[in-house]
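Pasting target02.pdb here (PDB, C-alpha atoms and all ligand atoms):
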```
ATOM      1  CA  MET V  14     138.286  16.139  98.005
ATOM      2  CA  TYR V  15     136.233  18.998  99.526
ATOM      3  CA  THR V  16     138.827  21.538  98.388
ATOM      4  CA  LEU V  17     138.814  20.072  94.913
ATOM      5  CA  LEU V  18     135.025  20.160  94.641
ATOM      6  CA  SER V  19     134.653  23.642  96.116
ATOM      7  CA  GLY V  20     137.380  24.865  93.752
ATOM      8  CA  LEU V  21     135.504  23.334  90.819
ATOM      9  CA  TYR V  22     132.214  24.845  91.996
ATOM     10  CA  LYS V  23     133.806  28.276  92.296
ATOM     11  CA  TYR V  24     135.448  27.922  88.885
ATOM     12  CA  VAL V  25     132.134  27.072  87.223
ATOM     13  CA  PHE V  26     129.687  29.284  89.101
ATOM     14  CA  GLN V  27     131.510  32.115  90.854
ATOM     15  CA  LYS V  28     131.729  35.330  88.919
ATOM     16  CA  ASP V  29     134.799  37.527  88.739
ATOM     17  CA  GLU V  30     134.003  40.715  90.644
ATOM     18  CA  TYR V  31     135.145  44.137  89.524
ATOM     19  CA  CYS V  32     134.571  47.472  91.238
ATOM     20  CA  VAL V  33     133.816  50.408  88.972
ATOM     21  CA  LEU V  34     133.605  54.009  90.191
ATOM     22  CA  ILE V  35     131.078  56.353  88.595
ATOM     23  CA  LEU V  36     132.351  59.902  88.902
ATOM     24  CA  GLY V  37     131.428  63.311  87.512
ATOM     25  CA  LEU V  38     130.032  66.649  88.618
ATOM     26  CA  ASP V  39     126.741  66.894  90.497
ATOM     27  CA  ASN V  40     123.789  66.764  88.120
ATOM     28  CA  ALA V  41     125.892  65.039  85.434
ATOM     29  CA  GLY V  42     123.629  61.972  85.377
ATOM     30  CA  LYS V  43     125.652  59.361  87.318
ATOM     31  CA  THR V  44     122.806  57.905  89.362
ATOM     32  CA  THR V  45     120.531  57.951  86.328
ATOM     33  CA  PHE V  46     123.198  56.035  84.396
ATOM     34  CA  LEU V  47     123.470  53.482  87.218
ATOM     35  CA  GLU V  48     119.711  52.973  87.393
ATOM     36  CA  GLN V  49     119.484  52.600  83.616
ATOM     37  CA  SER V  50     122.320  50.049  83.624
ATOM     38  CA  LYS V  51     120.669  48.005  86.366
ATOM     39  CA  THR V  52     117.354  48.053  84.513
ATOM     40  CA  ARG V  53     118.982  47.062  81.268
ATOM     41  CA  PHE V  54     121.236  44.245  82.501
ATOM     42  CA  ASN V  55     119.395  42.791  85.528
ATOM     43  CA  LYS V  56     116.368  40.908  84.223
ATOM     44  CA  ASP V  57     114.315  41.035  87.427
ATOM     45  CA  TYR V  58     115.177  44.592  88.419
ATOM     46  CA  ARG V  59     112.130  46.782  88.091
ATOM     47  CA  GLY V  60     114.018  50.021  88.486
ATOM     48  CA  MET V  61     113.093  53.170  90.324
ATOM     49  CA  SER V  62     111.331  56.022  88.628
ATOM     50  CA  LEU V  63     114.021  58.283  87.187
ATOM     51  CA  SER V  64     112.107  61.334  88.395
ATOM     52  CA  LYS V  65     112.573  60.129  91.999
ATOM     53  CA  ILE V  66     116.365  60.292  91.827
ATOM     54  CA  THR V  67     117.745  63.056  94.023
ATOM     55  CA  THR V  68     121.279  64.310  94.509
ATOM     56  CA  THR V  69     123.597  61.704  96.030
ATOM     57  CA  VAL V  70     125.053  62.450  99.438
ATOM     58  CA  GLY V  71     127.557  59.675 100.070
ATOM     59  CA  LEU V  72     127.321  56.845  97.576
ATOM     60  CA  ASN V  73     124.975  54.408  95.849
ATOM     61  CA  ILE V  74     126.061  50.858  95.208
ATOM     62  CA  GLY V  75     124.672  48.822  92.344
ATOM     63  CA  THR V  76     125.537  45.386  90.986
ATOM     64  CA  VAL V  77     125.260  44.328  87.384
ATOM     65  CA  ASP V  78     126.072  40.875  86.019
ATOM     66  CA  VAL V  79     127.509  40.762  82.528
ATOM     67  CA  GLY V  80     128.469  37.276  81.346
ATOM     68  CA  LYS V  81     130.954  35.799  83.820
ATOM     69  CA  ALA V  82     131.706  39.184  85.348
ATOM     70  CA  ARG V  83     129.957  40.904  88.223
ATOM     71  CA  LEU V  84     130.371  44.674  88.145
ATOM     72  CA  MET V  85     129.986  46.486  91.443
ATOM     73  CA  PHE V  86     129.265  50.117  90.666
ATOM     74  CA  TRP V  87     130.053  52.779  93.241
ATOM     75  CA  ASP V  88     128.184  55.934  92.324
ATOM     76  CA  LEU V  89     129.680  58.784  94.357
ATOM     77  CA  GLY V  90     128.171  62.204  95.017
ATOM     78  CA  GLY V  91     129.553  64.850  92.674
ATOM     79  CA  GLN V  92     129.046  68.027  94.687
ATOM     80  CA  GLU V  93     132.220  70.043  95.183
ATOM     81  CA  GLU V  94     132.562  69.250  98.888
ATOM     82  CA  LEU V  95     132.236  65.518  98.111
ATOM     83  CA  GLN V  96     134.823  65.446  95.330
ATOM     84  CA  SER V  97     137.688  65.293  97.827
ATOM     85  CA  LEU V  98     136.385  61.860  98.842
ATOM     86  CA  TRP V  99     136.790  60.396  95.363
ATOM     87  CA  ASP V 100     140.465  59.558  95.706
ATOM     88  CA  LYS V 101     139.759  57.394  98.780
ATOM     89  CA  TYR V 102     138.083  54.928  96.412
ATOM     90  CA  TYR V 103     140.620  54.874  93.587
ATOM     91  CA  ALA V 104     142.893  52.292  95.190
ATOM     92  CA  GLU V 105     139.986  49.873  95.597
ATOM     93  CA  CYS V 106     138.537  50.088  92.101
ATOM     94  CA  HIS V 107     139.307  48.360  88.829
ATOM     95  CA  GLY V 108     137.864  51.022  86.569
ATOM     96  CA  VAL V 109     136.293  54.454  86.400
ATOM     97  CA  ILE V 110     133.340  55.757  84.404
ATOM     98  CA  TYR V 111     133.431  59.544  84.194
ATOM     99  CA  VAL V 112     130.061  61.083  83.333
ATOM    100  CA  ILE V 113     129.816  64.462  81.592
ATOM    101  CA  ASP V 114     126.640  66.357  80.756
ATOM    102  CA  SER V 115     127.637  67.364  77.238
ATOM    103  CA  THR V 116     124.763  69.856  77.016
ATOM    104  CA  ASP V 117     125.991  71.797  80.046
ATOM    105  CA  GLU V 118     128.743  73.677  78.243
ATOM    106  CA  GLU V 119     129.174  76.202  81.041
ATOM    107  CA  ARG V 120     130.446  73.478  83.353
ATOM    108  CA  LEU V 121     132.721  71.611  80.948
ATOM    109  CA  SER V 122     135.895  73.239  82.271
ATOM    110  CA  GLU V 123     134.772  72.638  85.863
ATOM    111  CA  SER V 124     134.250  68.997  84.912
ATOM    112  CA  LYS V 125     137.722  68.831  83.393
ATOM    113  CA  GLN V 126     139.209  70.265  86.592
ATOM    114  CA  ALA V 127     137.341  67.751  88.747
ATOM    115  CA  PHE V 128     138.553  64.917  86.505
ATOM    116  CA  ALA V 129     142.149  66.030  87.061
ATOM    117  CA  LEU V 130     141.632  66.477  90.809
ATOM    118  CA  PRO V 131     143.586  63.365  91.859
ATOM    119  CA  LEU V 132     146.577  64.609  89.842
ATOM    120  CA  TYR V 133     146.328  68.228  90.907
ATOM    121  CA  PRO V 134     144.558  68.374  94.308
ATOM    122  CA  ARG V 135     143.030  71.701  95.273
TER
HETATM  123  N1  LIG M   1     117.471  64.722  79.575
HETATM  124  C1  LIG M   1     118.274  63.995  80.317
HETATM  125  N2  LIG M   1     118.276  64.212  81.636
HETATM  126  C2  LIG M   1     119.113  63.450  82.378
HETATM  127  C3  LIG M   1     119.951  62.449  81.808
HETATM  128  N3  LIG M   1     120.701  61.887  82.801
HETATM  129  C4  LIG M   1     120.300  62.514  83.936
HETATM  130  N4  LIG M   1     119.347  63.436  83.685
HETATM  131  C5  LIG M   1     118.701  64.330  84.675
HETATM  132  O1  LIG M   1     119.725  65.104  85.313
HETATM  133  C6  LIG M   1     119.426  65.289  86.687
HETATM  134  C7  LIG M   1     120.573  64.820  87.562
HETATM  135  O2  LIG M   1     120.745  63.415  87.410
HETATM  136  P1  LIG M   1     121.478  62.526  88.530
HETATM  137  O3  LIG M   1     121.536  61.144  87.960
HETATM  138  O4  LIG M   1     120.852  62.694  89.866
HETATM  139  O5  LIG M   1     122.912  63.217  88.561
HETATM  140  P2  LIG M   1     124.173  62.805  89.472
HETATM  141  O6  LIG M   1     125.377  62.904  88.596
HETATM  142  O7  LIG M   1     123.922  61.496  90.130
HETATM  143  O8  LIG M   1     124.225  63.981  90.542
HETATM  144  P3  LIG M   1     124.817  63.950  92.062
HETATM  145  O9  LIG M   1     124.218  62.766  92.750
HETATM  146  O10 LIG M   1     124.367  65.251  92.682
HETATM  147  O11 LIG M   1     126.302  63.879  91.962
HETATM  148  C8  LIG M   1     118.120  64.530  86.959
HETATM  149  O12 LIG M   1     117.068  65.454  86.904
HETATM  150  C9  LIG M   1     118.047  63.547  85.788
HETATM  151  O13 LIG M   1     116.700  63.195  85.477
HETATM  152  C10 LIG M   1     119.918  62.247  80.390
HETATM  153  O14 LIG M   1     120.602  61.431  79.823
HETATM  154  N5  LIG M   1     119.058  63.055  79.711
HETATM  155 MG    MG M   2     123.740  60.875  92.103
END
```

Write the structure described by the file as structure tokens, please.
Amino acid sequence: MYTLLSGLYKYVFQKDEYCVLILGLDNAGKTTFLEQSKTRFNKDYRGMSLSKITTTVGLNIGTVDVGKARLMFWDLGGQEELQSLWDKYYAECHGVIYVIDSTDEERLSESKQAFALPLYPR
């Protein structure tokens, strides 16, 4: 009976969890995107001042609930020496958001290279 009830409880209330990587070059706007998403989708989240965001060394984790899904965002640092860590997270994630600063034309090809990094490691 317990198993039946706990199964029913989970079916009704438990959200499906998905892990989503946020990747892109340093300064592309990944952490800003994450903060904006949390502010937009989490009613009680007050959000940090965007001007206080500094470069990410390591990763930021953020959770956003959308309908019956819970998205766990992993925002990784984009600096060149951190890019080699990205592929460690691929196996664990369900999806990837790749952020590009479209106004930074000088770095578009660098961004393309970084995107292809798992296929063609340096
Ligand atoms: N104007 C404008 N500035 C932005 C936007 N998104 C991010 N920025 C600015 O770009 C800078 C870098 O943003 P971050 O979110 O820290 O970039 P990041 O991709 O997380 O960088 P790393 O953590 O170093 O990998 C900050 O000064 C942001 O305020 C945007 O959509 N528009
Ligand atoms: Mg960041």

Task: Explicit residues for the PyMOL selection byres (((not hetatm)) within 9 of (chain M and resi 1)) (as a ChimeraX atom specification) - done: /V:35-48,63-73,88-92,95,112-114

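Across the chains present, the PyMOL selection byres (((chain V and resi 125-128) around 8) and not hetatm) applied to this file returns Gly37, Leu38, Gln96, Tyr111, Leu121, Ser122, Glu123, Ser124, Ala129, Leu130 and Pro131 of chain V.
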
Task: Given only C-alpha atoms and all ligand atoms as the counted atoms, nearest of V:Lys101, V:Ile74, V:Ser19, V:Arg53 to ligand MG 2 (chain M) - done: V:Ile74

TODO: Please measure the separation of atom CA of V:Cys32 and atom CA of V:Leu18, giving the value in Å to one decimal.
DONE: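 It comes out at 27.5 Å.
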
TODO: For each of V:Lys51, V:His107, V:Arg59, V:Lys23, take the minimum atom-to-atom distance to V:Val77, counting all atoms listed in the file, then give the residue where this is smallest.
DONE: V:Lys51

TODO: Figure out the distance between atom CA of V:Phe86 and atom CA of V:Ser62, please, to one decimal in Å.
DONE: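 We find that atom CA of V:Ser62 and atom CA of V:Phe86 lie 19.0 Å from each other.
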
Open item on the list: Here is a test: counting all atoms listed in the file, which residue of V:Tyr24, V:Trp87, V:Thr116, V:Gly80 is nearest to ligand MG 2 (chain M)?
Closed with: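 So, comparing all the options, the nearest one is V:Trp87.
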
For V:Thr76, find every residue with an atom within 7 Å (counting only C-alpha atoms), except residues of its own chain fewer than 5 positions away, and show them as a tab-separated table (two decimals) with C-alpha atoms, in the frame of the given file.
```
chain	number	residue	atom	x	y	z
V	83	ARG	CA	129.96	40.90	88.22
V	84	LEU	CA	130.37	44.67	88.14
V	85	MET	CA	129.99	46.49	91.44
V	86	PHE	CA	129.26	50.12	90.67
```
